[in-house]
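Trainee: Have a look at this one.
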Amino acid sequence: MPWDATANTPAKWIDNDRIRKLLKASKARHILLISDSCFAGDFFRGVGVQATPQILDGTIRKAFTRMSRKAMTSGGLEPVADGGQDGQSVYTWWLLKALEETADPYVLPEQVHDRLKKAVAANAGQTPIYGLLHEAGGEPDGSFVFFRRGSSALDAAMKKKMVRIEALKKLDEEAAEKAQRQHEEIARKQSQLQALDSRLAALRKKFGAGGAVGSEFDEMLAIARERTRRGEELEELRKKAEEDLRRKELELAEARRKQEEEQNNQLMTDLDSFRKDVHPSKFLDDDFKQQTWKALCQKWGVPESTQMGSSLTYARGKVHTGDAPLIPFAGGKKMKNTVGMELVLLPSGEFEMGSTEYGEEPVHTVKISKPFYMCSTEVTQAQYEAVMGKNPSNFKAKDLPIETVSWEDAVEFCKKLSEKEKKSYRLPTEAEWEFACRAGTKTVYYSGDNEKDLDDVAWFKDNSDRTTHPVGKKKPNAFGLYDIHGNVWEWCSDWYRHYPSKSAIDPTGPTSGVLRVGRGGGWDGSARFCRSAHRRGASPGNRDDGLGFRAVLEVQR
């Protein structure tokens with residue numbers, strides 16, 4: 001509560017529970033709340049005050065990798081003193097003093113708290129508190145870290161992280177400056193249009209009073225031309241601002257992806273070295289191996305109780321035991337177009353395409369080098385009819401997937417939608433489709449290796465009741481895509497032939513052929529046809545009630 005707030009002026013104050021919710025919702029990894037106010041100890045109601053751990057380099061490194069939501073308060077459930085030195089309160093004066101006198105290259109908040117709490121207690125009737133914020137989304141062993149400015153003794157890993165943070169910050173600042181310039185230019189254009197509208201209003205008023213229209217023709221013509229020109233400039237400026245924002249989001253997403261990739265590569269190097277040089281060696285005793293594993297765990301912030309030699313993966317800012325969890329793509333922006341299609345931004349990436357099944361070999365490495373948008377569901381009958389003016393489906397309902405469409409029909413839909421929206425829609429390549437379907441998984445289906453897991457994510461022969469179903473009713477994959485297994489087969493842009501044996505970047509398939517590729521399985525097929533790697537060929541003119549599609553939107557760079 002600021003000094004002028006009262007119980008009857010809620011716009012002037014904010015309650016502690018609301019602060020907790022805001023902190024929990026923040027995307028920041030480390031947050032330290034410092035509250036120098038009366039009754040601030042309420043933040044810790046029901047939570048034990050945190051004891052200070054033994055501070056070692058390993059402790060700092062581990063704390064820096066964990067999500068943190070903690071608080072330092074000037075007191076508990078009592079009023080606190082204002083009058084300190086140099087115009088500061090007692091608590092703030094000792095807090096600044098503790099920070100300024102710290103000679104360490106980096107320090108945890110609990111160390112700062114330990115240095116100031118006795119001094120504050122001795123000079124005012126209050127006891128400072130430090131601890132974990134309850135129900136705010138933090139991990140108990142995570143922590144904000146104070147870095148001493150200009151220190152040359154920072155841990156190498158922390159230095160690298162700070163460099164990455166600064167790089168992202170620079171991107172943000174540059175984008176913000178550009179956005180501000182665009183905002184000012186848009187405001188200027190709007191002001192010019194308003195001035196023209198005022199002139200038009202004056203002319204209309206004059207006409208209404210019986211003025212001679214013919215004598216004003218030249219002026220009206222000049223205003224009309226000027227308003228059209230400036231309106232087009234404003235429209236183009238807004239479009240460019242939107243494209244710049246989208247490009248900035250892609251740059252940030254790519255920067256974060258590279259950061260994740262770099263960290264994971266370093267982790268894999270350390271893990272492979274341990275497995276190759278330490279774990280199997282008959283010349284090293286078990287105690288040495290265990291200590292080396294413990295050091296590896298400390299370096300990467302992994303619990304020391306983790307079984308020696310376990311599989312480790314770096315993803316989403318931390319190390320996971322086993323495979324990385326399936327979490328929706330962090331940069332996965334969603335948008336809706338004019339016909340109601342929801343599109344999800346998918347990242348660039350690399351995966352192993354194909355399987356050892358007939359027609360799906362050889363397994364080969366494919367890199368998708370550019371992010372792209374993909375429809376979160378198969379194109380619905382309502383969306384298809386809005387663009388094409390007709391609905392050829394056998395099973396009819398607006399929220400059912402479009403079917404009984406040929407490859408040519410699907411291509412024509414994308415062409416007309418592109419013309420309608422002045423954007424580049426098309427069918428996905430077969431590589432893009434499988435990359436999107438797998439969403440980082442290596443299993444038979446994105447839901448796992450067992451057919452019984454498929455029932456939760458797909459409509460197929462065993463559960464469809466011999467019909468299609470409304471889109472988006474089953475569980476999505478990690479990219480947020482629905483029904484990519486089952487419901488209807490989905491046309492891809494490629495001609496159907498065997499895969500090449502070499503790795504590829506953004507492959508588009510053969511340049512000619514007889515059949516086009518269909519993917520994903522459908523309501524009338526068995527579970528095996530829904531596999532992530534399964535493919536079939538069909539004549540481009542073929543239409544049946546098991547064939548549909550989903551579109552992709554190219555990102556304008």
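Each chain in the structure tokens gets a letter, A, B, ..., in the order shown, and its residues are numbered from 1; ligands are numbered from 1 in order too.
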Can you tell me which residues surround segment 310-313 of chain A at a distance of at most 12 Å, considering only C-alpha atoms, apart from same-chain residues fewer than 2 positions away, and format the answer as JSON, numbers by chain?
Mentor: {"A": [260, 261, 262, 263, 264, 265, 266, 267, 268, 269, 270, 271, 272, 274, 275, 279, 293, 296, 297, 300, 301, 302, 303, 304, 305, 306, 307, 308, 315, 316, 317, 318, 319, 320, 321, 322, 323, 324, 325]}
Trainee: What lies within 9 Å of Leu237 of chain A using only C-alpha atoms, ignoring chain neighbours under 6 positions off, as number ranges by chain?
Mentor: A: 182, 185-186
Trainee: For atom CA of Arg519 of chain A and atom CA of Asn391 of chain A, quote the distance in Å rounded to one decimal.
Mentor: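 Atom CA of Asn391 of chain A lies 22.0 Å from atom CA of Arg519 of chain A.
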Trainee: Hey, can you check how far atom CA of Pro79 of chain A sits from atom CA of Thr92 of chain A?
Mentor: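 Going from atom CA of Pro79 of chain A over to atom CA of Thr92 of chain A, I get 14.8 Å.
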Trainee: Rounded to one decimal in Å, what is the spacing between atom CA of Ala386 of chain A and atom CA of Leu427 of chain A?
Mentor: 17.9 Å
Trainee: As an NGL selection string, which residues of segment 57-112 of chain A does DSSP assign to strand (DSSP E)?
Mentor: :A and (68-73 or 106-107)
Trainee: Given only C-alpha atoms as the basis, pick out the residue of A:Leu481, A:Val552, A:Leu96, A:Ala179 nearest to Glu430 of chain A.
Mentor: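 Checking each of A:Leu481, A:Val552, A:Leu96, A:Ala179 against Glu430 of chain A, counting only C-alpha atoms, the winner is A:Val552.
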Trainee: With only C-alpha atoms as the counted atoms, please give the residues lying no more than 12 Å from Trp93 of chain A, apart from itself and same-chain residues fewer than 3 positions off, as a PyMOL selection string.
Mentor: chain A and resi 36+74+81-90+96-100+116-117+119-120+123
